[in-house]
file work12.cif (mmCIF, C-alpha atoms)
data_final
#
loop_
_atom_site.group_PDB
_atom_site.id
_atom_site.type_symbol
_atom_site.label_atom_id
_atom_site.label_comp_id
_atom_site.auth_asym_id
_atom_site.auth_seq_id
_atom_site.Cartn_x
_atom_site.Cartn_y
_atom_site.Cartn_z
ATOM 1 C CA MET E 235 86.454 96.531 124.379
ATOM 2 C CA GLU E 236 85.066 98.698 127.157
ATOM 3 C CA LYS E 237 88.625 99.440 128.281
ATOM 4 C CA LYS E 238 89.753 102.885 127.193
ATOM 5 C CA GLU E 239 93.458 102.419 127.736
ATOM 6 C CA ARG E 240 95.353 99.801 125.811
ATOM 7 C CA LYS E 241 98.558 98.722 127.500
ATOM 8 C CA ILE E 242 101.253 97.444 125.177
ATOM 9 C CA MET E 243 104.246 95.869 126.865
ATOM 10 C CA VAL E 244 107.535 95.560 124.998
ATOM 11 C CA ALA E 245 110.256 93.359 126.491
ATOM 12 C CA VAL E 246 113.540 95.112 125.782
ATOM 13 C CA ASP E 247 117.094 93.921 126.355
ATOM 14 C CA GLU E 248 120.626 94.530 125.068
ATOM 15 C CA SER E 249 119.886 92.965 121.686
ATOM 16 C CA GLN E 250 119.391 94.777 118.409
ATOM 17 C CA GLU E 251 116.424 92.483 117.820
ATOM 18 C CA SER E 252 114.502 93.778 120.814
ATOM 19 C CA MET E 253 114.940 97.353 119.539
ATOM 20 C CA TYR E 254 113.649 96.184 116.170
ATOM 21 C CA ALA E 255 110.619 94.664 117.933
ATOM 22 C CA LEU E 256 110.035 98.013 119.640
ATOM 23 C CA SER E 257 110.185 99.841 116.290
ATOM 24 C CA TRP E 258 107.739 97.325 114.797
ATOM 25 C CA CYS E 259 105.413 97.895 117.710
ATOM 26 C CA ILE E 260 105.448 101.669 117.309
ATOM 27 C CA THR E 261 104.967 101.520 113.541
ATOM 28 C CA ASN E 262 102.310 98.796 113.492
ATOM 29 C CA LEU E 263 100.508 98.833 116.815
ATOM 30 C CA ILE E 264 100.817 102.407 118.030
ATOM 31 C CA SER E 265 100.709 104.471 114.886
ATOM 32 C CA ASP E 266 98.713 107.160 116.677
ATOM 33 C CA THR E 267 98.314 107.865 120.360
ATOM 34 C CA THR E 268 94.601 107.439 119.905
ATOM 35 C CA THR E 269 92.993 104.784 117.769
ATOM 36 C CA THR E 270 89.410 105.490 116.876
ATOM 37 C CA ASN E 271 87.449 102.278 116.704
ATOM 38 C CA ASN E 272 83.666 102.105 116.761
ATOM 39 C CA ASN E 273 83.723 105.723 117.914
ATOM 40 C CA ASN E 274 85.477 104.736 121.150
ATOM 41 C CA PRO E 275 88.864 106.400 121.388
ATOM 42 C CA THR E 276 91.494 104.044 122.790
ATOM 43 C CA TYR E 277 94.574 105.476 124.441
ATOM 44 C CA ASN E 278 97.766 103.504 124.001
ATOM 45 C CA LYS E 279 100.257 103.172 126.795
ATOM 46 C CA LEU E 280 103.684 101.742 126.119
ATOM 47 C CA VAL E 281 105.330 99.770 128.927
ATOM 48 C CA LEU E 282 109.046 99.117 128.442
ATOM 49 C CA LEU E 283 110.029 96.044 130.439
ATOM 50 C CA TYR E 284 113.645 95.141 131.101
ATOM 51 C CA VAL E 285 114.567 92.082 133.127
ATOM 52 C CA ARG E 286 117.921 91.891 134.858
ATOM 53 C CA PRO E 287 119.271 88.653 136.303
ATOM 54 C CA PRO E 288 118.994 88.145 140.065
ATOM 55 C CA SER E 289 122.012 89.233 142.125
ATOM 56 C CA ALA E 290 122.388 85.711 143.498
ATOM 57 C CA PHE E 291 123.336 84.741 139.973
ATOM 58 C CA TYR E 292 126.587 86.593 140.494
ATOM 59 C CA SER E 293 127.449 85.395 143.961
ATOM 60 C CA LEU E 294 129.469 82.376 142.823
ATOM 61 C CA ASP E 295 132.074 82.397 140.087
ATOM 62 C CA ALA E 296 132.699 79.503 137.706
ATOM 63 C CA ALA E 297 134.943 77.690 140.184
ATOM 64 C CA GLY E 298 132.431 78.061 142.986
ATOM 65 C CA TYR E 299 134.292 80.674 145.037
ATOM 66 C CA VAL E 300 132.160 83.244 146.752
ATOM 67 C CA PHE E 301 132.813 86.735 145.449
ATOM 68 C CA SER E 302 133.668 89.477 147.856
ATOM 69 C CA THR E 303 130.925 91.980 148.646
ATOM 70 C CA ASP E 304 132.842 94.593 146.646
ATOM 71 C CA VAL E 305 132.675 92.489 143.512
ATOM 72 C CA ILE E 306 128.974 91.811 144.032
ATOM 73 C CA ASP E 307 128.349 95.518 144.564
ATOM 74 C CA ALA E 308 130.270 96.388 141.417
ATOM 75 C CA MET E 309 128.315 93.820 139.406
ATOM 76 C CA GLU E 310 125.042 95.007 140.865
ATOM 77 C CA LYS E 311 125.967 98.539 139.868
ATOM 78 C CA TYR E 312 126.906 97.392 136.374
ATOM 79 C CA SER E 313 123.587 95.584 136.056
ATOM 80 C CA ILE E 314 121.664 98.707 137.041
ATOM 81 C CA GLN E 315 123.666 100.791 134.580
ATOM 82 C CA LEU E 316 122.927 98.247 131.872
ATOM 83 C CA ALA E 317 119.191 98.466 132.621
ATOM 84 C CA ASN E 318 119.362 102.250 132.347
ATOM 85 C CA SER E 319 121.305 102.168 129.122
ATOM 86 C CA VAL E 320 118.818 99.742 127.543
ATOM 87 C CA MET E 321 115.915 101.931 128.636
ATOM 88 C CA GLU E 322 117.634 104.986 127.174
ATOM 89 C CA ARG E 323 118.245 103.218 123.877
ATOM 90 C CA ALA E 324 114.580 102.194 123.839
ATOM 91 C CA GLU E 325 113.435 105.742 124.429
ATOM 92 C CA ALA E 326 115.795 106.983 121.709
ATOM 93 C CA THR E 327 114.224 104.433 119.338
ATOM 94 C CA CYS E 328 110.811 105.897 120.157
ATOM 95 C CA ARG E 329 112.048 109.445 119.560
ATOM 96 C CA ASN E 330 113.577 108.453 116.196
ATOM 97 C CA LEU E 331 110.158 107.239 115.071
ATOM 98 C CA ASN E 332 108.565 110.517 116.181
ATOM 99 C CA ALA E 333 106.663 108.620 118.833
ATOM 100 C CA THR E 334 107.183 111.314 121.412
ATOM 101 C CA ASN E 335 103.577 111.785 122.458
ATOM 102 C CA ILE E 336 103.018 108.189 123.600
ATOM 103 C CA LYS E 337 102.387 107.622 127.284
ATOM 104 C CA MET E 338 105.363 105.575 128.433
ATOM 105 C CA GLU E 339 106.364 103.638 131.522
ATOM 106 C CA ARG E 340 109.677 101.977 132.435
ATOM 107 C CA VAL E 341 109.531 98.740 134.369
ATOM 108 C CA VAL E 342 112.615 96.824 135.503
ATOM 109 C CA GLY E 343 112.131 93.282 136.765
ATOM 110 C CA ILE E 344 114.663 91.004 138.433
ATOM 111 C CA GLY E 345 114.814 87.267 137.883
ATOM 112 C CA ASP E 346 114.493 84.710 135.124
ATOM 113 C CA ALA E 347 113.371 86.660 132.041
ATOM 114 C CA LYS E 348 110.641 84.288 130.894
ATOM 115 C CA ASN E 349 108.951 84.064 134.274
ATOM 116 C CA VAL E 350 109.306 87.758 135.038
ATOM 117 C CA ILE E 351 107.836 88.752 131.662
ATOM 118 C CA CYS E 352 104.800 86.468 132.069
ATOM 119 C CA SER E 353 104.114 87.637 135.598
ATOM 120 C CA ALA E 354 104.550 91.300 134.598
ATOM 121 C CA VAL E 355 101.923 90.810 131.866
ATOM 122 C CA LYS E 356 99.542 89.496 134.511
ATOM 123 C CA LYS E 357 100.347 92.018 137.223
ATOM 124 C CA LEU E 358 100.293 95.095 134.996
ATOM 125 C CA GLN E 359 97.364 93.730 132.938
ATOM 126 C CA ALA E 360 99.065 94.229 129.603
ATOM 127 C CA ASP E 361 96.799 93.920 126.563
ATOM 128 C CA THR E 362 99.580 92.899 124.211
ATOM 129 C CA LEU E 363 103.153 91.693 124.688
ATOM 130 C CA VAL E 364 105.756 92.416 122.003
ATOM 131 C CA MET E 365 109.197 90.813 121.990
ATOM 132 C CA GLY E 366 112.082 89.710 119.793
ATOM 133 C CA SER E 367 112.362 86.058 118.890
ATOM 134 C CA HIS E 368 115.934 85.322 120.002
ATOM 135 C CA GLY E 369 116.294 84.707 123.724
ATOM 136 C CA TYR E 370 119.417 82.710 124.216
ATOM 137 C CA GLY E 371 122.171 81.384 121.993
ATOM 138 C CA PHE E 372 121.773 78.080 120.185
ATOM 139 C CA PHE E 373 122.949 75.731 122.948
ATOM 140 C CA LYS E 374 121.235 77.478 125.797
ATOM 141 C CA ARG E 375 118.025 77.594 123.756
ATOM 142 C CA ALA E 376 118.229 73.863 123.078
ATOM 143 C CA LEU E 377 118.572 73.266 126.822
ATOM 144 C CA LEU E 378 116.253 75.879 128.268
ATOM 145 C CA GLY E 379 113.916 76.773 125.416
ATOM 146 C CA SER E 380 113.686 80.320 124.179
ATOM 147 C CA VAL E 381 112.153 83.109 126.213
ATOM 148 C CA SER E 382 109.744 83.989 123.403
ATOM 149 C CA ASP E 383 108.523 80.365 123.074
ATOM 150 C CA HIS E 384 107.724 80.292 126.752
ATOM 151 C CA CYS E 385 105.964 83.654 126.714
ATOM 152 C CA ALA E 386 103.949 82.851 123.573
ATOM 153 C CA LYS E 387 102.616 79.793 125.415
ATOM 154 C CA ASN E 388 102.196 81.202 128.903
ATOM 155 C CA ALA E 389 101.585 84.941 128.814
ATOM 156 C CA LYS E 390 97.937 85.797 129.462
ATOM 157 C CA CYS E 391 97.573 88.103 126.452
ATOM 158 C CA PRO E 392 98.258 88.115 122.717
ATOM 159 C CA VAL E 393 102.000 87.880 122.054
ATOM 160 C CA VAL E 394 103.805 89.351 119.069
ATOM 161 C CA ILE E 395 107.093 87.655 118.177
ATOM 162 C CA VAL E 396 109.170 89.935 115.964
ATOM 163 C CA LYS E 397 112.130 88.533 114.057
ATOM 164 C CA GLN E 398 114.708 90.873 112.651
ATOM 165 C CA PRO E 399 114.812 90.421 108.854
ATOM 166 C CA MET P 297 108.854 101.448 105.440
ATOM 167 C CA GLU P 298 108.802 102.400 101.752
ATOM 168 C CA LYS P 299 106.062 99.819 101.153
ATOM 169 C CA LYS P 300 102.658 101.464 100.848
ATOM 170 C CA GLU P 301 100.552 98.342 101.304
ATOM 171 C CA ARG P 302 100.729 96.359 104.508
ATOM 172 C CA LYS P 303 99.652 92.764 104.096
ATOM 173 C CA ILE P 304 98.268 91.153 107.228
ATOM 174 C CA MET P 305 97.678 87.423 107.001
ATOM 175 C CA VAL P 306 95.294 85.738 109.432
ATOM 176 C CA ALA P 307 95.285 81.931 109.596
ATOM 177 C CA VAL P 308 91.661 80.907 110.112
ATOM 178 C CA ASP P 309 90.192 77.491 110.804
ATOM 179 C CA GLU P 310 87.110 75.888 112.360
ATOM 180 C CA SER P 311 88.066 76.990 115.876
ATOM 181 C CA GLN P 312 86.485 79.771 117.888
ATOM 182 C CA GLU P 313 90.009 80.826 118.816
ATOM 183 C CA SER P 314 90.982 81.619 115.244
ATOM 184 C CA MET P 315 87.914 83.870 114.910
ATOM 185 C CA TYR P 316 88.966 85.575 118.134
ATOM 186 C CA ALA P 317 92.452 86.091 116.640
ATOM 187 C CA LEU P 318 90.824 87.657 113.587
ATOM 188 C CA SER P 319 88.782 90.025 115.791
ATOM 189 C CA TRP P 320 91.919 90.965 117.703
ATOM 190 C CA CYS P 321 93.676 91.686 114.446
ATOM 191 C CA ILE P 322 90.912 93.963 113.174
ATOM 192 C CA THR P 323 90.607 95.822 116.460
ATOM 193 C CA ASN P 324 94.326 96.203 117.149
ATOM 194 C CA LEU P 325 96.180 96.063 113.857
ATOM 195 C CA ILE P 326 93.687 97.313 111.292
ATOM 196 C CA SER P 327 91.663 99.919 113.133
ATOM 197 C CA ASP P 328 91.471 102.066 110.005
ATOM 198 C CA THR P 329 91.960 101.151 106.394
ATOM 199 C CA THR P 330 94.671 103.734 106.246
ATOM 200 C CA THR P 331 97.235 104.303 108.940
ATOM 201 C CA THR P 332 98.997 107.605 108.748
ATOM 202 C CA ASN P 333 102.548 107.241 109.881
ATOM 203 C CA ASN P 334 105.241 109.788 109.224
ATOM 204 C CA ASN P 335 102.878 111.306 106.643
ATOM 205 C CA ASN P 336 103.043 108.124 104.557
ATOM 206 C CA PRO P 337 99.603 106.553 104.274
ATOM 207 C CA THR P 338 99.763 102.768 104.566
ATOM 208 C CA TYR P 339 96.966 100.688 103.094
ATOM 209 C CA ASN P 340 96.121 97.518 104.963
ATOM 210 C CA LYS P 341 95.212 94.367 103.135
ATOM 211 C CA LEU P 342 93.770 91.437 105.028
ATOM 212 C CA VAL P 343 94.582 87.964 103.725
ATOM 213 C CA LEU P 344 92.417 85.183 105.161
ATOM 214 C CA LEU P 345 94.294 81.894 104.916
ATOM 215 C CA TYR P 346 92.597 78.561 105.424
ATOM 216 C CA VAL P 347 94.516 75.307 105.126
ATOM 217 C CA ARG P 348 92.693 72.089 104.365
ATOM 218 C CA PRO P 349 94.312 68.679 104.725
ATOM 219 C CA PRO P 350 95.551 66.979 101.550
ATOM 220 C CA SER P 351 93.117 64.574 99.880
ATOM 221 C CA ALA P 352 95.588 61.715 100.199
ATOM 222 C CA PHE P 353 94.984 62.010 103.921
ATOM 223 C CA TYR P 354 91.541 60.530 103.363
ATOM 224 C CA SER P 355 92.408 57.780 100.951
ATOM 225 C CA LEU P 356 92.942 55.129 103.625
ATOM 226 C CA ASP P 357 90.661 54.490 106.559
ATOM 227 C CA ALA P 358 91.847 53.430 110.006
ATOM 228 C CA ALA P 359 92.063 49.754 109.042
ATOM 229 C CA GLY P 360 94.027 50.531 105.908
ATOM 230 C CA TYR P 361 91.304 49.814 103.359
ATOM 231 C CA VAL P 362 91.214 52.032 100.343
ATOM 232 C CA PHE P 363 88.035 54.103 100.160
ATOM 233 C CA SER P 364 85.956 54.021 97.015
ATOM 234 C CA THR P 365 86.239 57.015 94.718
ATOM 235 C CA ASP P 366 82.720 58.029 95.760
ATOM 236 C CA VAL P 367 83.756 58.326 99.387
ATOM 237 C CA ILE P 368 86.872 60.281 98.469
ATOM 238 C CA ASP P 369 84.802 62.604 96.306
ATOM 239 C CA ALA P 370 82.289 63.126 99.100
ATOM 240 C CA MET P 371 85.070 63.906 101.579
ATOM 241 C CA GLU P 372 86.748 66.239 99.121
ATOM 242 C CA LYS P 373 83.433 68.010 98.663
ATOM 243 C CA TYR P 374 82.960 68.225 102.428
ATOM 244 C CA SER P 375 86.452 69.672 102.828
ATOM 245 C CA ILE P 376 85.744 72.363 100.234
ATOM 246 C CA GLN P 377 82.423 73.193 101.899
ATOM 247 C CA LEU P 378 84.223 73.454 105.254
ATOM 248 C CA ALA P 379 86.742 75.873 103.740
ATOM 249 C CA ASN P 380 83.918 78.010 102.387
ATOM 250 C CA SER P 381 82.024 77.982 105.661
ATOM 251 C CA VAL P 382 85.142 79.044 107.606
ATOM 252 C CA MET P 383 85.764 81.857 105.122
ATOM 253 C CA GLU P 384 82.161 82.995 105.438
ATOM 254 C CA ARG P 385 82.363 82.992 109.222
ATOM 255 C CA ALA P 386 85.576 85.009 108.977
ATOM 256 C CA GLU P 387 83.961 87.573 106.707
ATOM 257 C CA ALA P 388 80.946 87.774 109.027
ATOM 258 C CA THR P 389 83.369 88.453 111.909
ATOM 259 C CA CYS P 390 84.827 91.341 109.894
ATOM 260 C CA ARG P 391 81.348 92.726 109.138
ATOM 261 C CA ASN P 392 80.365 92.524 112.813
ATOM 262 C CA LEU P 393 83.335 94.735 113.657
ATOM 263 C CA ASN P 394 82.317 97.233 110.972
ATOM 264 C CA ALA P 395 85.465 96.352 109.063
ATOM 265 C CA THR P 396 83.697 96.391 105.722
ATOM 266 C CA ASN P 397 86.036 98.733 103.893
ATOM 267 C CA ILE P 398 89.174 96.623 104.334
ATOM 268 C CA LYS P 399 90.710 95.169 101.209
ATOM 269 C CA MET P 400 90.367 91.415 101.665
ATOM 270 C CA GLU P 401 91.643 88.289 99.963
ATOM 271 C CA ARG P 402 90.747 84.627 100.549
ATOM 272 C CA VAL P 403 93.495 82.068 100.182
ATOM 273 C CA VAL P 404 92.954 78.329 100.622
ATOM 274 C CA GLY P 405 96.024 76.146 100.942
ATOM 275 C CA ILE P 406 96.216 72.362 100.931
ATOM 276 C CA GLY P 407 98.660 70.381 103.055
ATOM 277 C CA ASP P 408 100.159 70.363 106.521
ATOM 278 C CA ALA P 409 98.937 73.575 108.186
ATOM 279 C CA LYS P 410 102.265 74.658 109.685
ATOM 280 C CA ASN P 411 104.219 74.273 106.461
ATOM 281 C CA VAL P 412 101.518 75.758 104.263
ATOM 282 C CA ILE P 413 101.178 78.813 106.536
ATOM 283 C CA CYS P 414 104.933 79.495 106.563
ATOM 284 C CA SER P 415 105.259 79.130 102.809
ATOM 285 C CA ALA P 416 102.186 81.310 102.210
ATOM 286 C CA VAL P 417 103.800 84.064 104.314
ATOM 287 C CA LYS P 418 106.844 83.867 102.079
ATOM 288 C CA LYS P 419 105.039 83.552 98.751
ATOM 289 C CA LEU P 420 102.482 86.278 99.394
ATOM 290 C CA GLN P 421 105.031 88.462 101.220
ATOM 291 C CA ALA P 422 102.888 88.975 104.285
ATOM 292 C CA ASP P 423 104.063 91.707 106.658
ATOM 293 C CA THR P 424 102.423 90.199 109.719
ATOM 294 C CA LEU P 425 100.945 86.796 110.510
ATOM 295 C CA VAL P 426 98.141 86.519 113.067
ATOM 296 C CA MET P 427 96.927 83.186 114.445
ATOM 297 C CA GLY P 428 95.312 81.482 117.423
ATOM 298 C CA SER P 429 97.531 79.602 119.854
ATOM 299 C CA HIS P 430 95.828 76.191 119.862
ATOM 300 C CA GLY P 431 96.744 74.000 116.883
ATOM 301 C CA TYR P 432 96.074 70.452 117.886
ATOM 302 C CA GLY P 433 94.703 68.711 120.944
ATOM 303 C CA PHE P 434 96.955 67.866 123.861
ATOM 304 C CA PHE P 435 98.335 64.534 122.635
ATOM 305 C CA LYS P 436 98.804 65.517 119.041
ATOM 306 C CA ARG P 437 100.535 68.708 120.196
ATOM 307 C CA ALA P 438 102.876 66.725 122.417
ATOM 308 C CA LEU P 439 103.792 64.546 119.440
ATOM 309 C CA LEU P 440 103.819 67.054 116.607
ATOM 310 C CA GLY P 441 104.258 70.407 118.318
ATOM 311 C CA SER P 442 101.681 73.139 117.868
ATOM 312 C CA VAL P 443 101.163 74.947 114.588
ATOM 313 C CA SER P 444 101.632 78.335 116.231
ATOM 314 C CA ASP P 445 104.950 77.301 117.842
ATOM 315 C CA HIS P 446 106.272 76.249 114.474
ATOM 316 C CA CYS P 447 105.096 79.400 112.728
ATOM 317 C CA ALA P 448 106.423 81.722 115.446
ATOM 318 C CA LYS P 449 109.842 80.153 114.863
ATOM 319 C CA ASN P 450 109.811 79.735 111.114
ATOM 320 C CA ALA P 451 107.574 82.326 109.467
ATOM 321 C CA LYS P 452 109.587 85.091 107.826
ATOM 322 C CA CYS P 453 107.618 87.952 109.401
ATOM 323 C CA PRO P 454 106.419 89.092 112.833
ATOM 324 C CA VAL P 455 103.920 86.589 114.236
ATOM 325 C CA VAL P 456 101.066 87.436 116.599
ATOM 326 C CA ILE P 457 99.852 84.533 118.749
ATOM 327 C CA VAL P 458 96.395 85.307 120.119
ATOM 328 C CA LYS P 459 94.999 83.247 122.978
ATOM 329 C CA GLN P 460 91.304 83.357 123.725
ATOM 330 C CA PRO P 461 90.822 84.660 127.289
#
call {"tool": "encode", "arguments": {"input": "work12.cif", "output": "structure tokens"}}
result
Amino acid sequence: MEKKERKIMVAVDESQESMYALSWCITNLISDTTTTNNNNPTYNKLVLLYVRPPSAFYSLDAAGYVFSTDVIDAMEKYSIQLANSVMERAEATCRNLNATNIKMERVVGIGDAKNVICSAVKKLQADTLVMGSHGYGFFKRALLGSVSDHCAKNAKCPVVIVKQP
Amino acid sequence: MEKKERKIMVAVDESQESMYALSWCITNLISDTTTTNNNNPTYNKLVLLYVRPPSAFYSLDAAGYVFSTDVIDAMEKYSIQLANSVMERAEATCRNLNATNIKMERVVGIGDAKNVICSAVKKLQADTLVMGSHGYGFFKRALLGSVSDHCAKNAKCPVVIVKQP
């Protein structure tokens, strides 16, 4: 533990469960900005990670027609707005728990959530990853496996899976 | 968060990885015996859970012959000694991290690890479960699924999966 900064990454999305995971993280992992352990103060840094689907995902509709550039632009804009609104909700969650003095960083990734989360852990050298347990709905999960399953197996750091009670 | 005591359960076994998970837990989740959050002091209690296989597991050898009572007794004795030695290693790990003032409890369960762990979480009302990511070897995992996978899905509390780097 020679590292002085501890980077805690929380994967946030539109779900209530991911906000619950964030609250759990603040209450249980980051109770103070500094944790004194063996006389070495450790500074916590909270990284909020949101993953939005790739634009290409939107370029064909169900019937296979190519959308016009206008539609793609509008969807792209919507996706960016969604990312911002999730980040704002996350920051409001932090404020509600009086966690205003935590060093915070917003990161938005684009792509398949489970791959983006695992590679963000590696790239940003997160010390802990916190996420909700959901992922997809029942059928999609049966087909694709849940995001949290994949990350628990593949992320290169301890992973906390938080289920909403 | 009206609860004043926070119960953190760590599933320990013979593996190095489970001792690493325990160290992670002490360093990251239980840095102090009391965590001050919103002016409500929370007392941490560490529950060390070890699961040993059921005795019936030993009552037939590979060829199907029934062991003599002496052999069963000897194996039972060995299994109890193993449980004690794991618990002692776990407590030594705590001492090495200067975590001597944590309230601690030893719990030994008997049965299939994944089911025993999940039911212990429920029965003892653990607030967080911490465990290593391994479980079984490659083939057994492919057949039975890993213990940590099962617990991450089924335990009724946040689950931390710690991989040894």
call {"tool": "atom_distance", "arguments": {"input": "work12.cif", "atom1": "atom CA of P:Asn392", "atom2": "atom CA of P:Ile413"}}
result
25.7 Å
call {"tool": "atom_distance", "arguments": {"input": "work12.cif", "atom1": "atom CA of P:Asp423", "atom2": "atom CA of E:Ser257"}}
result
14.0 Å
call {"tool": "atom_distance", "arguments": {"input": "work12.cif", "atom1": "atom CA of P:Ser444", "atom2": "atom CA of P:Gly405"}}
result
16.4 Å
call {"tool": "closest_residue", "arguments": {"input": "work12.cif", "among": "P:Cys414, P:Val306, P:Leu393, P:Val347", "to": "chain E", "atoms": "all atoms listed in the file"}}
result
P:Leu393
call {"tool": "closest_residue", "arguments": {"input": "work12.cif", "among": "E:Ser367, E:Thr334, E:Thr303, E:Ser380", "to": "P:Val455", "atoms": "only C-alpha atoms"}}
result
E:Ser367
call {"tool": "resolve_selection", "arguments": {"input": "work12.cif", "expression": "the PyMOL selection byres ((chain P and resi 375) around 12)", "output": "list in words"}}
result
Asp309, Glu310, Tyr346, Val347, Arg348, Pro349, Pro350, Ser351, Phe353, Tyr354, Ile368, Asp369, Ala370, Met371, Glu372, Lys373, Tyr374, Ile376, Gln377, Leu378, Ala379, Asn380, Ser381, Val382, Val404, Gly405 and Ile406 of chain P
call {"tool": "closest_residue", "arguments": {"input": "work12.cif", "among": "P:Thr338, P:Asn397, P:Ser364, P:Asn411", "to": "chain E", "atoms": "only C-alpha atoms"}}
result
P:Thr338
call {"tool": "closest_residue", "arguments": {"input": "work12.cif", "among": "P:Leu420, P:Cys390, P:Arg385, P:Asp445", "to": "chain E", "atoms": "all atoms listed in the file"}}
result
P:Asp445
call {"tool": "axis_aligned_box", "arguments": {"input": "work12.cif", "around": "stretch 243-253 of chain E", "padding_each_side": "5 Å", "output": "JSON"}}
result
{"center_x": 112.4, "center_y": 94.9, "center_z": 122.3, "size_x": 26.4, "size_y": 14.9, "size_z": 19.0}
call {"tool": "residues_around", "arguments": {"input": "work12.cif", "residues": "E:Lys356", "least_positions_apart": "5", "cutoff": "9 Å", "atoms": "only C-alpha atoms", "output": "ChimeraX atom specification"}}
result
/E:351,389-391
call {"tool": "closest_residue", "arguments": {"input": "work12.cif", "among": "P:Thr323, P:Met400, P:Val417, P:Ala422", "to": "chain E", "atoms": "only C-alpha atoms"}}
result
P:Thr323
call {"tool": "resolve_selection", "arguments": {"input": "work12.cif", "expression": "the PyMOL selection byres ((chain P and resi 304) around 9)", "output": "number ranges by chain"}}
result
P: 302-303, 305-306, 321, 325-326, 340-344, 422-426
call {"tool": "closest_residue", "arguments": {"input": "work12.cif", "among": "P:Ala448, P:Ala307, P:Ala416, P:Ile322", "to": "P:Met383", "atoms": "only C-alpha atoms"}}
result
P:Ala307
call {"tool": "residues_around", "arguments": {"input": "work12.cif", "residues": "P:Gln312", "least_positions_apart": "5", "cutoff": "10 Å", "atoms": "all atoms listed in the file", "output": "list of chain:residue names"}}
result
P:Ala317, P:Leu318, P:Gly428, P:Gln460
call {"tool": "write_last_selection", "arguments": {"input": "work12.cif", "atoms": "C-alpha atoms", "output": "PDB file, in the frame of the given file"}}
result
ATOM      1  CA  ALA P 317      92.452  86.091 116.640  1.00  0.00           C
ATOM      2  CA  LEU P 318      90.824  87.657 113.587  1.00  0.00           C
ATOM      3  CA  GLY P 428      95.312  81.482 117.423  1.00  0.00           C
ATOM      4  CA  GLN P 460      91.304  83.357 123.725  1.00  0.00           C
TER       5      GLN P 460
END
call {"tool": "build_atoms", "arguments": {"input": "work12.cif", "residues": "stretch 321-325 of chain E", "atoms": "all heavy atoms", "output": "mmCIF file, in the frame of the given file"}}
result
data_model
loop_
_atom_site.group_PDB
_atom_site.id
_atom_site.type_symbol
_atom_site.label_atom_id
_atom_site.label_comp_id
_atom_site.auth_asym_id
_atom_site.auth_seq_id
_atom_site.Cartn_x
_atom_site.Cartn_y
_atom_site.Cartn_z
ATOM 1 N N MET E 321 117.115 101.087 128.614
ATOM 2 C CA MET E 321 115.915 101.931 128.636
ATOM 3 C C MET E 321 116.133 103.206 127.826
ATOM 4 O O MET E 321 115.231 103.673 127.121
ATOM 5 C CB MET E 321 115.560 102.300 130.076
ATOM 6 C CG MET E 321 114.971 101.155 130.860
ATOM 7 S SD MET E 321 113.403 100.602 130.138
ATOM 8 C CE MET E 321 112.869 99.415 131.364
ATOM 9 N N GLU E 322 117.358 103.764 127.926
ATOM 10 C CA GLU E 322 117.634 104.986 127.174
ATOM 11 C C GLU E 322 117.660 104.728 125.669
ATOM 12 O O GLU E 322 117.152 105.526 124.886
ATOM 13 C CB GLU E 322 118.938 105.632 127.654
ATOM 14 C CG GLU E 322 118.655 106.566 128.823
ATOM 15 C CD GLU E 322 119.859 106.759 129.736
ATOM 16 O OE1 GLU E 322 121.013 106.638 129.253
ATOM 17 O OE2 GLU E 322 119.636 107.002 130.951
ATOM 18 N N ARG E 323 118.245 103.577 125.305
ATOM 19 C CA ARG E 323 118.245 103.218 123.877
ATOM 20 C C ARG E 323 116.816 103.045 123.380
ATOM 21 O O ARG E 323 116.479 103.455 122.264
ATOM 22 C CB ARG E 323 119.004 101.905 123.653
ATOM 23 C CG ARG E 323 120.456 102.103 123.320
ATOM 24 C CD ARG E 323 121.131 100.776 122.991
ATOM 25 N NE ARG E 323 120.690 100.165 121.762
ATOM 26 C CZ ARG E 323 120.876 98.873 121.455
ATOM 27 N NH1 ARG E 323 121.490 98.078 122.320
ATOM 28 N NH2 ARG E 323 120.460 98.388 120.310
ATOM 29 N N ALA E 324 115.977 102.419 124.225
ATOM 30 C CA ALA E 324 114.580 102.194 123.839
ATOM 31 C C ALA E 324 113.863 103.519 123.636
ATOM 32 O O ALA E 324 113.153 103.716 122.648
ATOM 33 C CB ALA E 324 113.875 101.348 124.895
ATOM 34 N N GLU E 325 114.101 104.445 124.560
ATOM 35 C CA GLU E 325 113.435 105.742 124.429
ATOM 36 C C GLU E 325 113.949 106.522 123.223
ATOM 37 O O GLU E 325 113.191 107.232 122.565
ATOM 38 C CB GLU E 325 113.564 106.526 125.737
ATOM 39 C CG GLU E 325 112.710 105.865 126.820
ATOM 40 C CD GLU E 325 112.713 106.587 128.153
ATOM 41 O OE1 GLU E 325 113.409 107.613 128.282
ATOM 42 O OE2 GLU E 325 112.020 106.112 129.060
#
